[in-house]
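Asker: Right, I'll just put the structure down here and ask away after.
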Amino acid sequence: MKKIFKYVLIVIGVLLVLYAVARILKTNSKPAVTYDTAVATEETITNRVLATGKVIPEDEVLIKPQISGIIENILVEEGDQLKSGDLIATIKVVPNEQSLVSARGRVRNAEIALGNAQIEYDRNKKLFDKGVVASQDFLAIELQYNQAKQELENARNDYQIIRVGSAGGSATANTNIRATVDGTVLEIPVKEGDQVIEANNFNDGTSIATIADMSKMIFEGQVDEAEVEKLEIGMPISIKLGAMQSQDFDAKLKFIAPKGVEDQGAVQFTIEANIEIPDSVFIRAGYSANASIILEKKENVLAIKEAWLQFDKETEKPYVEVQVGENEYERRDLELGVSDGINVEVISGLTASDKIKVWNKIEPMEKETEENNS
């Protein structure tokens, strides 16, 4: 009885050992790694440069006053359509007291000088008529008299301009601010009662309004220095506006800045492009926009995903691995063409029937671990 029990224990022990060994072997064994394969396809590949910016009018005109004063009336609003010559605002002249007194004094001096010149002229005129004074002497006296009259007129005009803003007694010419071009009023940065100054050699003057032709819009944006050498004047551009996502606008590159500007450590170059806007579409100045500049486009070329590429560690030349048997692959060096960041053109090294190793297959042990974790 004891022997039978002993044999049973031995058998159970052996079975347990065999089970443990089998379990360990099963746990440590790793199935052969397999990979997905894919083939090259025909694609249309477009290489683009992206630029961010905004849409602005091609020309903006700043309307400035011809005389300093205070805004009396503003007769237009932002968004109004104006013709050249339309009245925008009126200015009330507030003369400088010192300049006014000085101009008044100049008028008085000119009146005194003219009075003296007229007395001298009248006296010599009588003598000249009697033949006592020579013609040459009388002409010199007459010239002084005429100059005195002109000086008085000039002094009175200056006084009138300082006092009311116009030499003719009406300030309409200078105090009425009018549009100088046809267009839309984009901005009126002043209010009634604001003081404004005229443009001169020392000051740009106060802007009364900004007017622009909204039918002539351009894209103004920035491109990185790494891309600017790829651009050429006349290149086609596709513009997408932040406010009008459903519609793209065609444009042509017209300007590339000769000088870059550093922005957050990167050098950016300004570009401009003329936008073709349909008559039925109204675009507001300042809309944010993205420009897609087509550098190169190839249609129906043999292409593969850039993610399938591998690169030689020494030469950095691209290659892929092509299946030649069950779970067997060989290296194929490639000559590549245009790329859009996702697909890349294959010029040589592959055929449409070659099965390419895809480096996105999850190995069985990793897949099992991920499933257990989830």
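Chain labels run A, B, ... following the order of the structure tokens; each chain numbers its residues from 1, and ligands are numbered from 1 in the order shown.
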Mind checking which residues fall within 9 Å of range 227-231 of chain A, counting only C-alpha atoms, ignoring those fewer than 5 positions away in the same chain, and posting them as an MDAnalysis selection string?
Answerer: chainID A and resid 49 253 256 268:269 293 295
Asker: Generate a file of the selected residues that holds all heavy atoms, formatted as a short mmCIF file (atom, residue, chain, number, x, y, z; two decimals), in the first residue's frame.
Answerer:
data_model
loop_
_atom_site.label_atom_id
_atom_site.label_comp_id
_atom_site.auth_asym_id
_atom_site.auth_seq_id
_atom_site.Cartn_x
_atom_site.Cartn_y
_atom_site.Cartn_z
N VAL A 49 4.88 75.42 -50.53
CA VAL A 49 5.38 76.23 -49.42
C VAL A 49 4.19 76.95 -48.81
O VAL A 49 3.39 77.56 -49.54
CB VAL A 49 6.43 77.26 -49.89
CG1 VAL A 49 6.72 78.27 -48.80
CG2 VAL A 49 7.70 76.55 -50.29
N LEU A 253 2.23 85.51 -57.17
CA LEU A 253 3.28 86.15 -56.38
C LEU A 253 3.84 87.35 -57.14
O LEU A 253 4.24 87.22 -58.30
CB LEU A 253 4.38 85.14 -56.08
CG LEU A 253 5.49 85.58 -55.12
CD1 LEU A 253 4.92 85.87 -53.74
CD2 LEU A 253 6.56 84.50 -55.04
N ILE A 256 8.86 89.73 -53.43
CA ILE A 256 9.61 89.00 -52.41
C ILE A 256 10.59 89.99 -51.80
O ILE A 256 11.40 90.60 -52.51
CB ILE A 256 10.38 87.80 -53.00
CG1 ILE A 256 9.43 86.86 -53.74
CG2 ILE A 256 11.11 87.04 -51.90
CD1 ILE A 256 10.15 85.78 -54.53
N GLN A 268 12.42 85.79 -41.27
CA GLN A 268 11.24 85.74 -42.12
C GLN A 268 11.34 86.80 -43.22
O GLN A 268 11.84 87.90 -42.99
CB GLN A 268 9.98 85.98 -41.29
CG GLN A 268 9.78 85.01 -40.14
CD GLN A 268 9.38 83.64 -40.63
OE1 GLN A 268 8.64 83.50 -41.60
NE2 GLN A 268 9.88 82.61 -39.95
N PHE A 269 10.83 86.45 -44.41
CA PHE A 269 10.82 87.37 -45.54
C PHE A 269 9.37 87.66 -45.93
O PHE A 269 8.54 86.74 -46.02
CB PHE A 269 11.56 86.78 -46.74
CG PHE A 269 13.05 86.76 -46.57
CD1 PHE A 269 13.67 85.75 -45.84
CD2 PHE A 269 13.84 87.74 -47.12
CE1 PHE A 269 15.04 85.72 -45.67
CE2 PHE A 269 15.21 87.73 -46.97
CZ PHE A 269 15.82 86.72 -46.24
N ILE A 293 1.81 78.00 -51.82
CA ILE A 293 2.56 78.33 -53.03
C ILE A 293 3.05 77.03 -53.67
O ILE A 293 3.79 76.27 -53.05
CB ILE A 293 3.75 79.24 -52.71
CG1 ILE A 293 3.28 80.45 -51.90
CG2 ILE A 293 4.45 79.68 -53.98
CD1 ILE A 293 4.40 81.29 -51.36
N LEU A 295 5.32 74.89 -55.65
CA LEU A 295 6.69 74.89 -56.17
C LEU A 295 6.84 73.92 -57.34
O LEU A 295 7.52 74.22 -58.32
CB LEU A 295 7.67 74.52 -55.06
CG LEU A 295 7.71 75.44 -53.83
CD1 LEU A 295 8.71 74.91 -52.82
CD2 LEU A 295 8.07 76.86 -54.25
#
Asker: For Asn274 in chain A, find every residue with an atom within 7 Å (counting only C-alpha atoms), except residues of its own chain fewer than 6 positions away, and show them as a list of chain:residue names.
Answerer: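 Non-adjacent residues within range: A:Met217, A:Ile218, A:Phe219, A:Ala251, A:Lys252, A:Leu253, A:Lys254.
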Asker: Pull the alpha helix (DSSP H) assignments for range 34-228 of chain A out of DSSP run on the backbone, and list those residues as a ChimeraX atom specification.
Answerer: /A:97-129,135-164,172-175,225-228
Asker: Could you tell me how far CA of Leu186 in chain A sits from CA of Ala209 in chain A, in Å to one decimal place?
Answerer: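 Between these atoms lies a distance of 7.5 Å.
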Asker: Just want the 9 Å neighbourhood of range 52-61 of chain A, counted on only C-alpha atoms, with same-chain residues fewer than 2 positions away dropped. Output as a PyMOL selection string.
Answerer: chain A and resi 50+63+180-181+186+209-223+241+274-275+283-291
Asker: Export, as a PDB file, in the first residue's frame, the selected residues with C-alpha atoms.
Answerer:
ATOM      1  CA  LEU A  50       2.944  77.537 -46.823  1.00  0.00           C
ATOM      2  CA  ILE A  63      -6.164 111.897 -45.643  1.00  0.00           C
ATOM      3  CA  THR A 180      -8.439 112.547 -52.753  1.00  0.00           C
ATOM      4  CA  VAL A 181      -9.261 109.124 -54.320  1.00  0.00           C
ATOM      5  CA  LEU A 186     -11.478 101.995 -43.699  1.00  0.00           C
ATOM      6  CA  ALA A 209      -9.307 109.117 -42.480  1.00  0.00           C
ATOM      7  CA  THR A 210      -7.918 106.112 -44.351  1.00  0.00           C
ATOM      8  CA  ILE A 211      -9.380 105.341 -47.792  1.00  0.00           C
ATOM      9  CA  ALA A 212      -8.690 102.288 -49.967  1.00  0.00           C
ATOM     10  CA  ASP A 213      -9.983 100.607 -53.114  1.00  0.00           C
ATOM     11  CA  MET A 214     -11.381  97.319 -51.797  1.00  0.00           C
ATOM     12  CA  SER A 215     -11.545  95.779 -55.282  1.00  0.00           C
ATOM     13  CA  LYS A 216      -7.730  95.603 -55.388  1.00  0.00           C
ATOM     14  CA  MET A 217      -6.609  93.349 -52.560  1.00  0.00           C
ATOM     15  CA  ILE A 218      -3.260  91.658 -51.969  1.00  0.00           C
ATOM     16  CA  PHE A 219      -2.006  88.904 -49.684  1.00  0.00           C
ATOM     17  CA  GLU A 220       0.854  89.945 -47.423  1.00  0.00           C
ATOM     18  CA  GLY A 221       2.614  87.166 -45.525  1.00  0.00           C
ATOM     19  CA  GLN A 222       5.864  85.759 -44.219  1.00  0.00           C
ATOM     20  CA  VAL A 223       7.968  82.806 -45.399  1.00  0.00           C
ATOM     21  CA  LEU A 241      -9.128  83.055 -45.690  1.00  0.00           C
ATOM     22  CA  ASN A 274      -2.286  89.870 -56.188  1.00  0.00           C
ATOM     23  CA  ILE A 275      -5.596  88.140 -55.411  1.00  0.00           C
ATOM     24  CA  ILE A 283     -13.396  90.757 -48.602  1.00  0.00           C
ATOM     25  CA  ARG A 284     -12.721  92.920 -45.571  1.00  0.00           C
ATOM     26  CA  ALA A 285      -9.290  94.380 -44.996  1.00  0.00           C
ATOM     27  CA  GLY A 286      -7.241  92.522 -42.406  1.00  0.00           C
ATOM     28  CA  TYR A 287      -8.696  89.016 -42.852  1.00  0.00           C
ATOM     29  CA  SER A 288      -6.167  86.400 -41.746  1.00  0.00           C
ATOM     30  CA  ALA A 289      -5.085  84.117 -44.577  1.00  0.00           C
ATOM     31  CA  ASN A 290      -2.906  81.146 -45.436  1.00  0.00           C
ATOM     32  CA  ALA A 291      -1.129  80.955 -48.772  1.00  0.00           C
TER      33      ALA A 291
END
Asker: Can you list every residue in range 248-360 of chain A that DSSP puts in strand (DSSP E), as a PyMOL selection string?
Answerer: chain A and resi 248-256+261-263+266-275+288-305+310-311+318-325+328-333+335-339+343-348+356-358
Asker: For range 300-303 of chain A, work out the shell of residues within 9 Å, counting only C-alpha atoms and skipping chain neighbours fewer than 6 positions away, then give it as a short mmCIF file (atom, residue, chain, number, x, y, z; two decimals) with N, CA, C and O atoms, in the first residue's frame.
Answerer:
data_model
loop_
_atom_site.label_atom_id
_atom_site.label_comp_id
_atom_site.auth_asym_id
_atom_site.auth_seq_id
_atom_site.Cartn_x
_atom_site.Cartn_y
_atom_site.Cartn_z
N ALA A 40 3.80 50.26 -54.43
CA ALA A 40 3.78 51.64 -54.88
C ALA A 40 2.53 51.90 -55.70
O ALA A 40 1.98 51.00 -56.33
N THR A 41 2.05 53.14 -55.67
CA THR A 41 0.84 53.52 -56.40
C THR A 41 1.10 54.77 -57.24
O THR A 41 2.08 55.48 -57.04
N GLU A 42 0.18 55.02 -58.16
CA GLU A 42 0.26 56.24 -58.96
C GLU A 42 -0.42 57.37 -58.19
O GLU A 42 -1.56 57.24 -57.76
N GLU A 43 0.29 58.47 -58.04
CA GLU A 43 -0.23 59.61 -57.27
C GLU A 43 0.08 60.91 -58.00
O GLU A 43 0.99 60.99 -58.83
N THR A 44 -0.70 61.93 -57.68
CA THR A 44 -0.38 63.30 -58.08
C THR A 44 0.24 64.00 -56.88
O THR A 44 -0.40 64.15 -55.84
N ILE A 45 1.48 64.40 -57.01
CA ILE A 45 2.23 64.96 -55.87
C ILE A 45 2.52 66.43 -56.13
O ILE A 45 3.03 66.81 -57.19
N LEU A 336 14.74 59.26 -55.55
CA LEU A 336 13.47 59.90 -55.24
C LEU A 336 13.33 61.23 -55.96
O LEU A 336 14.31 61.89 -56.31
N ASN A 343 3.59 61.53 -49.43
CA ASN A 343 4.01 60.67 -50.53
C ASN A 343 5.26 61.23 -51.17
O ASN A 343 5.47 62.45 -51.20
N VAL A 344 6.09 60.33 -51.72
CA VAL A 344 7.30 60.76 -52.40
C VAL A 344 7.41 60.00 -53.72
O VAL A 344 7.11 58.80 -53.80
N GLU A 345 7.82 60.69 -54.77
CA GLU A 345 7.96 60.10 -56.09
C GLU A 345 9.18 59.17 -56.12
O GLU A 345 10.24 59.50 -55.60
N VAL A 346 8.99 58.01 -56.73
CA VAL A 346 10.09 57.05 -56.92
C VAL A 346 10.50 57.11 -58.39
O VAL A 346 9.74 56.73 -59.28
N ILE A 347 11.71 57.60 -58.64
CA ILE A 347 12.21 57.71 -60.01
C ILE A 347 12.77 56.37 -60.49
O ILE A 347 12.52 55.95 -61.61
N LEU A 350 12.25 50.75 -57.95
CA LEU A 350 11.06 49.96 -57.63
C LEU A 350 10.19 49.81 -58.87
O LEU A 350 10.24 50.62 -59.80
N THR A 351 9.35 48.77 -58.83
CA THR A 351 8.30 48.60 -59.82
C THR A 351 6.97 48.59 -59.09
O THR A 351 6.91 48.46 -57.86
N ALA A 352 5.89 48.71 -59.84
CA ALA A 352 4.57 48.77 -59.24
C ALA A 352 4.18 47.45 -58.57
O ALA A 352 3.28 47.42 -57.73
#
Asker: List the neighbours of Thr37 in chain A out to 6 Å using only C-alpha atoms; skip same-chain residues closer than 3 positions along the sequence, and give me the result as JSON, numbers by chain.
Answerer: {"A": [355, 356, 357, 358]}
Asker: With only C-alpha atoms as the atoms that count, which of A:Asp250, A:Leu82, A:Ser348, A:Pro189 lies nearest to Ser238 in chain A?
Answerer: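 Of A:Asp250, A:Leu82, A:Ser348, A:Pro189, the one nearest Ser238 in chain A is A:Asp250, counting only C-alpha atoms.
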Asker: CA of Val185 in chain A and CA of Gly69 in chain A, how far apart in Å?
Answerer: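 Calculated distance between CA of Gly69 in chain A and CA of Val185 in chain A is 22.0 Å.
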Asker: Interatomic distance between CA of Ile208 in chain A and CA of Gly85 in chain A?
Answerer: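 For CA of Ile208 in chain A relative to CA of Gly85 in chain A, the distance reads 14.6 Å.
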Asker: Do a neighbour search on Asp204 in chain A at 12 Å with only C-alpha atoms, toss out local chain neighbours closer than 2 positions, and write the hits as a PyMOL selection string.
Answerer: chain A and resi 62-66+196-202+206-207
Asker: For range 130-147 of chain A, please output as a ChimeraX atom specification all residues within 8 Å (counting only C-alpha atoms; exclusion window: fewer than 6 positions along the same chain).
Answerer: /A:114,117-118,120-121,124
Asker: When you count only C-alpha atoms, which of these residues is closest to Lys240 in chain A: A:Gln160, A:Thr175, A:Ser292, A:Gln81?
Answerer: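 Smallest distance to Lys240 in chain A is found for A:Ser292.
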